[in-house]
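Peer 1: Just query-v6.cif, nothing more (mmCIF, C-alpha atoms):
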```cif
data_data
#
loop_
_atom_site.label_atom_id
_atom_site.label_comp_id
_atom_site.auth_asym_id
_atom_site.auth_seq_id
_atom_site.Cartn_x
_atom_site.Cartn_y
_atom_site.Cartn_z
CA MET A 155 4.98 25.74 -36.63
CA THR A 156 8.34 25.80 -34.86
CA ASP A 157 9.65 22.69 -33.15
CA PHE A 158 7.54 22.45 -29.98
CA LEU A 159 10.34 20.99 -27.88
CA SER A 160 12.71 23.82 -28.77
CA ASN A 161 10.65 26.49 -27.01
CA VAL A 162 9.75 27.24 -23.39
CA ALA A 163 6.25 25.74 -23.62
CA GLY A 164 7.61 22.44 -24.88
CA GLN A 165 10.53 22.28 -22.49
CA THR A 166 8.30 23.06 -19.51
CA LEU A 167 5.86 20.27 -20.38
CA LEU A 168 8.69 17.85 -21.13
CA SER A 169 10.31 18.48 -17.73
CA ILE A 170 7.01 17.79 -15.94
CA VAL A 171 6.39 14.53 -17.80
CA ALA A 172 10.01 13.40 -17.35
CA ARG A 173 9.54 13.54 -13.57
CA GLY A 174 6.55 11.22 -13.79
CA SER A 175 8.52 8.09 -14.63
CA ALA A 176 11.02 8.81 -11.84
CA ILE A 177 8.17 9.17 -9.33
CA ILE A 178 6.67 5.84 -10.37
CA ALA A 179 10.08 4.15 -10.09
CA GLU A 180 10.53 5.53 -6.56
CA LEU A 181 7.01 4.42 -5.65
CA ARG A 182 7.82 0.87 -6.72
CA ARG A 183 11.08 0.87 -4.76
CA LEU A 184 9.67 2.30 -1.55
CA SER A 185 6.54 0.15 -1.56
CA ASP A 186 8.76 -2.88 -1.00
CA HIS A 187 10.12 -1.38 2.23
CA ILE A 188 7.05 -0.37 4.25
CA PRO A 189 7.77 -1.09 7.93
CA SER A 190 5.45 -3.86 9.12
CA VAL A 191 4.25 -1.73 12.03
CA PHE A 192 2.40 0.50 9.55
CA LEU A 193 0.72 -2.51 7.95
CA ARG A 194 -0.86 -4.01 11.06
CA PRO A 195 -4.68 -4.39 11.00
CA ALA A 196 -6.79 -1.45 12.13
CA ASN A 197 -8.19 -3.49 15.03
CA ASP A 198 -4.77 -4.55 16.34
CA THR A 199 -4.77 -2.70 19.65
CA LYS A 200 -2.46 -5.13 21.42
CA SER A 201 0.68 -4.11 19.54
CA LYS A 202 3.09 -2.15 21.70
CA TYR A 203 3.20 0.43 18.92
CA ALA A 204 -0.59 0.95 18.88
CA PRO A 205 -0.45 4.09 21.09
CA ILE A 206 2.05 5.87 18.78
CA ILE A 207 1.13 4.65 15.27
CA LEU A 208 -1.94 6.72 14.47
CA ASP A 209 -4.15 7.34 11.45
CA PHE A 210 -6.02 10.50 10.40
CA ARG A 211 -8.29 10.32 13.44
CA TYR A 212 -5.35 11.93 15.22
CA LEU A 213 -6.06 15.20 13.40
CA LYS A 214 -9.46 15.60 15.08
CA ASN A 215 -7.87 15.98 18.51
CA PRO A 216 -4.06 15.92 18.38
CA ASP A 217 -3.60 17.35 21.87
CA GLU A 218 -5.48 14.44 23.41
CA TYR A 219 -3.34 11.87 21.61
CA GLU A 220 -0.10 13.68 22.52
CA GLU A 221 -1.12 13.87 26.17
CA ARG A 222 -1.73 10.11 26.24
CA ILE A 223 1.74 9.48 24.85
CA GLU A 224 3.56 11.98 27.06
CA LYS A 225 1.98 10.99 30.36
CA ASN A 226 3.15 7.38 29.99
CA GLU A 227 6.92 7.28 30.36
CA GLU A 228 7.30 3.90 28.65
CA THR A 229 5.19 5.02 25.68
CA ALA A 230 7.07 8.32 25.43
CA GLU A 231 10.41 6.48 25.33
CA LEU A 232 9.09 4.08 22.69
CA ASP A 233 7.89 7.05 20.65
CA GLU A 234 11.32 8.69 20.76
CA GLU A 235 13.05 5.45 19.86
CA PHE A 236 10.69 4.93 16.94
CA ARG A 237 11.31 8.47 15.72
CA GLU A 238 15.07 7.99 15.73
CA ASN A 239 14.87 4.66 13.90
CA HIS A 240 12.27 5.55 11.27
CA LEU A 241 12.40 9.28 10.55
CA ALA A 242 14.76 8.93 7.60
CA LEU A 243 12.46 6.41 5.91
CA LEU A 244 9.40 8.52 6.71
CA GLU A 245 11.17 11.43 5.01
CA ARG A 246 11.46 9.37 1.82
CA PHE A 247 7.83 8.32 1.91
CA TYR A 248 6.66 11.88 2.49
CA SER A 249 8.85 13.11 -0.35
CA LEU A 250 7.19 10.50 -2.57
CA PHE A 251 3.67 11.57 -1.59
CA GLU A 252 4.59 15.23 -1.99
CA SER A 253 6.15 14.61 -5.40
CA ILE A 254 2.87 13.12 -6.67
CA HIS A 255 1.01 16.20 -5.47
CA LYS A 256 3.64 18.48 -7.00
CA PHE A 257 3.46 16.61 -10.31
CA ILE A 258 -0.26 17.24 -10.77
CA SER A 259 -0.01 20.77 -9.34
CA ASP A 260 2.73 21.69 -11.80
CA TRP A 261 0.79 20.25 -14.74
CA LEU A 262 -2.34 22.16 -13.72
CA ALA A 263 -0.27 25.34 -13.38
CA TYR A 264 1.07 24.69 -16.89
CA LEU A 265 -2.50 24.37 -18.21
CA ASP A 266 -3.38 27.66 -16.52
CA GLU A 267 -0.39 29.35 -18.14
CA LEU A 268 -1.48 28.06 -21.54
CA ALA A 269 -4.97 29.45 -20.95
CA GLU A 270 -3.59 32.82 -19.78
CA GLY A 271 -1.31 33.20 -22.80
CA THR A 272 1.93 33.01 -20.82
CA PHE A 273 3.49 30.95 -23.59
CA VAL A 274 3.29 33.18 -26.66
CA GLN A 275 1.53 31.53 -29.63
CA HIS A 276 0.66 28.41 -27.62
CA THR A 277 -2.77 27.30 -26.38
CA THR A 278 -4.03 23.97 -25.05
CA GLU A 279 -5.70 23.30 -28.38
CA GLY A 280 -2.53 24.17 -30.27
CA VAL A 281 -0.34 21.95 -28.10
CA LEU A 282 -2.73 19.05 -28.76
CA LEU A 283 -2.32 19.58 -32.51
CA ASP A 284 1.46 19.31 -32.25
CA VAL A 285 3.00 15.84 -32.63
CA GLU A 286 5.18 16.08 -29.53
CA GLY A 287 2.69 18.22 -27.65
CA LYS A 288 -0.20 15.79 -27.84
CA GLN A 289 2.07 12.92 -26.83
CA LEU A 290 3.28 14.76 -23.73
CA MET A 291 -0.18 15.98 -22.72
CA ALA A 292 -1.56 12.45 -22.93
CA GLU A 293 1.43 11.07 -21.05
CA ALA A 294 1.04 13.62 -18.25
CA LEU A 295 -2.56 12.56 -17.64
CA TYR A 296 -1.69 8.87 -17.98
CA LEU A 297 1.26 9.06 -15.59
CA TYR A 298 -0.80 10.83 -12.93
CA GLY A 299 -3.45 8.12 -13.14
CA CYS A 300 -0.76 5.45 -12.84
CA MET A 301 0.71 7.14 -9.77
CA LEU A 302 -2.62 7.16 -7.97
CA LEU A 303 -3.55 3.58 -8.84
CA LEU A 304 -0.09 2.21 -8.05
CA MET A 305 0.03 4.09 -4.76
CA ASP A 306 -3.32 2.61 -3.73
CA LEU A 307 -2.29 -0.85 -4.87
CA ARG A 308 1.19 -0.99 -3.35
CA ILE A 309 0.95 1.31 -0.31
CA PRO A 310 -2.32 0.57 1.54
CA GLY A 311 -4.41 3.58 2.50
CA LEU A 312 -4.17 2.95 6.25
CA ALA A 313 -0.39 2.65 6.00
CA ARG A 314 -0.24 5.96 4.10
CA GLU A 315 -2.26 7.70 6.80
CA ARG A 316 -0.10 6.25 9.56
CA MET A 317 3.14 7.27 7.88
CA LEU A 318 1.84 10.76 7.18
CA ILE A 319 0.74 11.24 10.79
CA SER A 320 4.05 9.91 12.11
CA TYR A 321 5.92 12.33 9.88
CA TYR A 322 3.57 15.16 10.84
CA ARG A 323 4.12 14.49 14.54
CA TYR A 324 7.88 14.19 14.34
CA LYS A 325 8.51 17.15 12.03
CA GLY A 326 5.76 19.59 13.03
CA ALA A 327 3.09 20.97 10.70
CA SER A 328 4.74 24.39 10.44
CA THR A 329 7.83 22.88 8.81
CA ILE A 330 5.94 20.88 6.15
CA PRO A 331 4.67 22.90 3.17
CA ASN A 332 1.47 21.62 1.54
CA ILE A 333 0.86 19.04 4.26
CA ASP A 334 -2.92 19.54 4.11
CA GLU A 335 -3.04 19.06 0.34
CA VAL A 336 -0.78 16.01 0.47
CA CYS A 337 -2.93 14.43 3.19
CA LYS A 338 -6.09 15.11 1.19
CA LEU A 339 -4.62 13.41 -1.88
CA CYS A 340 -3.16 10.43 -0.02
CA ARG A 341 -5.86 9.66 2.55
CA SER A 342 -7.25 6.14 2.49
CA THR A 343 -9.73 5.32 -0.28
CA GLY A 344 -10.96 2.15 1.40
CA TYR A 345 -9.59 0.10 -1.50
CA SER A 346 -8.07 -3.31 -0.85
CA PRO A 347 -6.85 -5.70 -3.58
CA SER A 348 -8.54 -8.57 -1.74
CA GLY A 349 -11.68 -6.72 -0.72
CA ARG A 350 -14.79 -5.29 -2.30
CA ARG A 351 -14.29 -2.29 -4.54
CA PRO A 352 -15.51 0.91 -2.81
CA SER A 353 -18.46 2.75 -4.33
CA ARG A 354 -17.49 5.26 -7.03
CA TYR A 355 -13.90 4.03 -7.02
CA PRO A 356 -11.62 5.21 -8.55
CA GLU A 357 -13.66 8.20 -9.83
CA GLU A 358 -13.82 9.95 -6.44
CA TYR A 359 -10.14 9.20 -5.86
CA PHE A 360 -9.16 10.84 -9.15
CA ALA A 361 -11.43 13.81 -8.34
CA ARG A 362 -9.46 14.75 -5.21
CA VAL A 363 -7.51 17.14 -7.41
CA LYS A 364 -9.71 18.84 -9.99
CA ILE A 365 -8.47 18.55 -13.56
CA PRO A 366 -10.37 20.67 -16.11
CA LYS A 367 -12.94 18.44 -17.81
CA ALA A 368 -12.47 20.29 -21.06
CA THR A 369 -8.78 19.37 -21.10
CA ILE A 370 -9.52 15.72 -20.37
CA LYS A 371 -12.09 15.64 -23.17
CA MET A 372 -9.63 17.17 -25.62
CA ILE A 373 -6.93 14.65 -24.71
CA VAL A 374 -9.32 11.70 -24.96
CA SER A 375 -10.65 13.02 -28.27
CA ARG A 376 -7.12 13.26 -29.64
CA LEU A 377 -6.37 9.69 -28.51
CA ARG A 378 -9.52 8.44 -30.22
CA SER A 379 -8.95 10.24 -33.50
CA ASP A 380 -5.17 10.04 -33.85
CA ASP A 381 -2.40 7.51 -33.61
CA ILE A 382 -0.41 9.96 -31.50
CA TYR A 383 2.82 7.99 -31.90
CA ASN A 384 2.36 7.55 -35.68
CA ARG A 385 2.67 3.77 -35.54
CA ARG A 386 0.11 2.99 -38.21
#
```
Show me, as structure tokens, the structure contained in the file I just sent.

Peer 2:
Amino acid sequence: MTDFLSNVAGQTLLSIVARGSAIIAELRRLSDHIPSVFLRPANDTKSKYAPIILDFRYLKNPDEYEERIEKNEETAELDEEFRENHLALLERFYSLFESIHKFISDWLAYLDELAEGTFVQHTTEGVLLDVEGKQLMAEALYLYGCMLLLMDLRIPGLARERMLISYYRYKGASTIPNIDEVCKLCRSTGYSPSGRRPSRYPEEYFARVKIPKATIKMIVSRLRSDDIYNRR
């Protein structure tokens, strides 16, 4: 077999996995800079920002929420001031959330291409028999799991929803590709480090994007049967 990393199939998988560590590093950096207004309790209705910092309930009736903001001059001015002061940071957070979605989407597209024979002489089974291939496939799945768990641990679900809605409102849905998919992936799980673990967590969280069970089984089987890094 030729060197896996010297061909298109290997280079494509390597480029996907390489992005994973950068995404996790950015997640760690940004999670230390969440504006406190997004972290206030759900029942804090006395904050002056309460009328403009909204969670996913906004999506059920956005016109009603916008009308409430616009008809109150003081609230409308506060909303504009908040947009000017926070949009740049919201851009970074949205880019982070989108990059997690793109990471798993690109890996799933790669698996589809393997199944369709796009990469000549390479299949999922064959990649998992290659020394570098099985390492990268396992790392792709591992990194995605780390992204989801770290995001839920370091950026609370309610804060994610509030930042996504703020970005959605200030940018406009038509200018944000994949906004629906990103919101689906990043919506609150109900998890809290200090609270009770939600039912079927994190299984339902991981299932928000469907990964072929057969691929997962093959990767797990390879991890069980092989020392994929040849350290023995």

Peer 1: For the file shown, report as a PyMOL selection string the outcome of the PyMOL selection byres ((chain A and resi 157) around 10) at residue level.

Peer 2: chain A and resi 155-156+158-161+164+284-287

Peer 1: Rounded to one decimal, what separation in Å do you get between atom CA of A:Ala196 and atom CA of A:Ser348?

Peer 2: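 We find that atom CA of A:Ala196 and atom CA of A:Ser348 lie 15.7 Å from each other.
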
Peer 1: May I have the residues within 9 Å of stretch 330-346 of chain A as a list of chain:residue names, using all atoms listed in the file and disregarding those fewer than 5 positions away in the same chain?

Peer 2: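 Non-adjacent residues within range: A:Phe210, A:Tyr248, A:Phe251, A:Glu252, A:Ile254, A:His255, A:Leu302, A:Met305, A:Asp306, A:Leu307, A:Pro310, A:Gly311, A:Leu312, A:Ala313, A:Arg314, A:Glu315, A:Leu318, A:Tyr322, A:Lys325, A:Arg351, A:Pro352, A:Tyr355, A:Pro356, A:Glu358, A:Tyr359, A:Phe360, A:Arg362, A:Val363.
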
Peer 1: Got time to write the residues from that selection, C-alpha atoms, as a tab-separated table (two decimals), in the frame of the given file?

Peer 2:
```
chain	number	residue	atom	x	y	z
A	210	PHE	CA	-6.02	10.50	10.40
A	248	TYR	CA	6.66	11.88	2.49
A	251	PHE	CA	3.67	11.57	-1.59
A	252	GLU	CA	4.59	15.23	-1.99
A	254	ILE	CA	2.87	13.12	-6.67
A	255	HIS	CA	1.01	16.20	-5.47
A	302	LEU	CA	-2.62	7.16	-7.97
A	305	MET	CA	0.03	4.09	-4.76
A	306	ASP	CA	-3.32	2.61	-3.73
A	307	LEU	CA	-2.29	-0.85	-4.87
A	310	PRO	CA	-2.32	0.57	1.54
A	311	GLY	CA	-4.41	3.58	2.50
A	312	LEU	CA	-4.17	2.95	6.25
A	313	ALA	CA	-0.39	2.65	6.00
A	314	ARG	CA	-0.24	5.96	4.10
A	315	GLU	CA	-2.26	7.70	6.80
A	318	LEU	CA	1.84	10.76	7.18
A	322	TYR	CA	3.57	15.16	10.84
A	325	LYS	CA	8.51	17.15	12.03
A	351	ARG	CA	-14.29	-2.29	-4.54
A	352	PRO	CA	-15.51	0.91	-2.81
A	355	TYR	CA	-13.90	4.03	-7.02
A	356	PRO	CA	-11.62	5.21	-8.55
A	358	GLU	CA	-13.82	9.95	-6.44
A	359	TYR	CA	-10.14	9.20	-5.86
A	360	PHE	CA	-9.16	10.84	-9.15
A	362	ARG	CA	-9.46	14.75	-5.21
A	363	VAL	CA	-7.51	17.14	-7.41
```

Peer 1: Using the chain letters and numbers from this file, what does the PyMOL selection byres ((chain A and resi 372) around 10) select? Give the answer as a list in words.

Peer 2: Thr278, Glu279, Leu282, Lys288, Met291, Ala292, Lys367, Ala368, Thr369, Ile370, Lys371, Ile373, Val374, Ser375, Arg376, Leu377 and Arg378 of chain A

Peer 1: List the neighbours of A:Glu180 out to 8 Å using all atoms listed in the file; skip same-chain residues closer than 4 positions along the sequence, and give me the result as a PyMOL selection string.

Peer 2: chain A and resi 176+184+250

Peer 1: Work out how far apart atom CA of A:Ile177 and atom CA of A:Met301 are and give it in Å to one decimal.

Peer 2: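 Calculated distance between atom CA of A:Ile177 and atom CA of A:Met301 is 7.7 Å.
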
Peer 1: Using all atoms of stretch 257-267 of chain A listed in the file and a margin of 5 Å per side, can you give the axis-aligned box centre and edge lengths in Å to one decimal, as AutoDock Vina command-line options?

Peer 2:
```
--center_x 0.0 --center_y 23.0 --center_z -13.8 --size_x 16.8 --size_y 22.7 --size_z 18.9
```

Peer 1: Could you state which residues are captured by the PyMOL selection byres ((chain A and resi 193) around 12) in this file, as an MDAnalysis selection string?

Peer 2: chainID A and resid 185 187:192 194:198 201 203:204 207:209 308:317

Peer 1: Report as a list of chain:residue names all protein, DNA and RNA residues lying within 12 Å of A:Ser169, evaluated on all atoms listed in the file, omitting residues in the same chain fewer than 4 positions from it.

Peer 2: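 Near A:Ser169, the qualifying residues are A:Leu159, A:Val162, A:Ala163, A:Gly164, A:Gln165, A:Arg173, A:Gly174, A:Ser175, A:Ala176, A:Phe257, A:Asp260, A:Trp261, A:Tyr264, A:Leu290, A:Met291, A:Ala294.
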
Peer 1: Can you work out which one of A:Phe247, A:Phe273, A:Tyr298, A:Tyr321 has the shortest atom-to-atom distance to A:Ser259, counting only C-alpha atoms?

Peer 2: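 The shortest atom-to-atom distance to A:Ser259 comes from A:Tyr298.
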
Peer 1: Around (-0.2, 26.6, -18.4) in the file's frame, which residues reach within 10 Å when counting all atoms listed in the file? Return as a PyMOL selection string?

Peer 2: chain A and resi 163+166-167+260-273+276-278

Peer 1: Restricting the calculation to all atoms listed in the file, which member of A:Ala179, A:His240, A:Pro205, A:Glu234 is positioned closest to A:Arg222?

Peer 2: A:Pro205

Peer 1: Rounded to one decimal in Å, what is the spacing between atom CA of A:Glu357 and atom CA of A:Arg211?

Peer 2: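 It comes out at 24.0 Å.
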
Peer 1: Can I get stretch 258-277 of chain A with N, CA, C and O atoms filled in, as a JSON list (two decimals), keeping the file's coordinate frame?

Peer 2:
```json
[["chain", "number", "residue", "atom", "x", "y", "z"],
["A", 258, "ILE", "N", 1.02, 16.81, -10.24],
["A", 258, "ILE", "CA", -0.26, 17.24, -10.77],
["A", 258, "ILE", "C", -0.43, 18.75, -10.61],
["A", 258, "ILE", "O", -1.01, 19.41, -11.49],
["A", 259, "SER", "N", 0.09, 19.32, -9.54],
["A", 259, "SER", "CA", -0.01, 20.77, -9.34],
["A", 259, "SER", "C", 0.74, 21.53, -10.42],
["A", 259, "SER", "O", 0.26, 22.54, -10.94],
["A", 260, "ASP", "N", 1.93, 21.04, -10.77],
["A", 260, "ASP", "CA", 2.73, 21.69, -11.80],
["A", 260, "ASP", "C", 2.08, 21.57, -13.17],
["A", 260, "ASP", "O", 2.12, 22.51, -13.98],
["A", 261, "TRP", "N", 1.47, 20.41, -13.45],
["A", 261, "TRP", "CA", 0.79, 20.25, -14.74],
["A", 261, "TRP", "C", -0.43, 21.17, -14.82],
["A", 261, "TRP", "O", -0.67, 21.80, -15.85],
["A", 262, "LEU", "N", -1.18, 21.27, -13.73],
["A", 262, "LEU", "CA", -2.34, 22.16, -13.72],
["A", 262, "LEU", "C", -1.91, 23.62, -13.86],
["A", 262, "LEU", "O", -2.58, 24.42, -14.53],
["A", 263, "ALA", "N", -0.79, 23.97, -13.24],
["A", 263, "ALA", "CA", -0.27, 25.34, -13.38],
["A", 263, "ALA", "C", 0.14, 25.59, -14.83],
["A", 263, "ALA", "O", -0.07, 26.70, -15.36],
["A", 264, "TYR", "N", 0.70, 24.58, -15.47],
["A", 264, "TYR", "CA", 1.07, 24.69, -16.89],
["A", 264, "TYR", "C", -0.17, 24.92, -17.75],
["A", 264, "TYR", "O", -0.17, 25.77, -18.65],
["A", 265, "LEU", "N", -1.25, 24.18, -17.46],
["A", 265, "LEU", "CA", -2.50, 24.37, -18.21],
["A", 265, "LEU", "C", -3.04, 25.78, -18.01],
["A", 265, "LEU", "O", -3.54, 26.41, -18.96],
["A", 266, "ASP", "N", -2.94, 26.29, -16.78],
["A", 266, "ASP", "CA", -3.38, 27.66, -16.52],
["A", 266, "ASP", "C", -2.56, 28.66, -17.32],
["A", 266, "ASP", "O", -3.10, 29.64, -17.86],
["A", 267, "GLU", "N", -1.27, 28.44, -17.40],
["A", 267, "GLU", "CA", -0.39, 29.35, -18.14],
["A", 267, "GLU", "C", -0.71, 29.32, -19.64],
["A", 267, "GLU", "O", -0.67, 30.36, -20.30],
["A", 268, "LEU", "N", -1.05, 28.13, -20.14],
["A", 268, "LEU", "CA", -1.48, 28.06, -21.54],
["A", 268, "LEU", "C", -2.75, 28.88, -21.75],
["A", 268, "LEU", "O", -2.87, 29.62, -22.73],
["A", 269, "ALA", "N", -3.70, 28.74, -20.82],
["A", 269, "ALA", "CA", -4.97, 29.45, -20.95],
["A", 269, "ALA", "C", -4.79, 30.97, -20.83],
["A", 269, "ALA", "O", -5.52, 31.74, -21.46],
["A", 270, "GLU", "N", -3.81, 31.39, -20.01],
["A", 270, "GLU", "CA", -3.59, 32.82, -19.78],
["A", 270, "GLU", "C", -2.70, 33.46, -20.84],
["A", 270, "GLU", "O", -2.50, 34.69, -20.82],
["A", 271, "GLY", "N", -2.16, 32.66, -21.75],
["A", 271, "GLY", "CA", -1.31, 33.20, -22.80],
["A", 271, "GLY", "C", 0.12, 33.47, -22.38],
["A", 271, "GLY", "O", 0.83, 34.24, -23.02],
["A", 272, "THR", "N", 0.55, 32.82, -21.29],
["A", 272, "THR", "CA", 1.93, 33.01, -20.82],
["A", 272, "THR", "C", 2.94, 32.56, -21.86],
["A", 272, "THR", "O", 3.98, 33.19, -22.05],
["A", 273, "PHE", "N", 2.62, 31.45, -22.53],
["A", 273, "PHE", "CA", 3.49, 30.95, -23.59],
["A", 273, "PHE", "C", 2.99, 31.51, -24.92],
["A", 273, "PHE", "O", 1.96, 31.07, -25.45],
["A", 274, "VAL", "N", 3.71, 32.48, -25.45],
["A", 274, "VAL", "CA", 3.29, 33.18, -26.66],
["A", 274, "VAL", "C", 3.06, 32.19, -27.81],
["A", 274, "VAL", "O", 3.87, 31.30, -28.05],
["A", 275, "GLN", "N", 1.91, 32.34, -28.47],
["A", 275, "GLN", "CA", 1.53, 31.53, -29.63],
["A", 275, "GLN", "C", 1.19, 30.08, -29.28],
["A", 275, "GLN", "O", 1.08, 29.24, -30.17],
["A", 276, "HIS", "N", 1.01, 29.78, -28.00],
["A", 276, "HIS", "CA", 0.66, 28.41, -27.62],
["A", 276, "HIS", "C", -0.62, 28.41, -26.78],
["A", 276, "HIS", "O", -0.75, 29.18, -25.82],
["A", 277, "THR", "N", -1.54, 27.53, -27.14],
["A", 277, "THR", "CA", -2.77, 27.30, -26.38],
["A", 277, "THR", "C", -2.88, 25.79, -26.14],
["A", 277, "THR", "O", -2.14, 25.00, -26.74]]
```
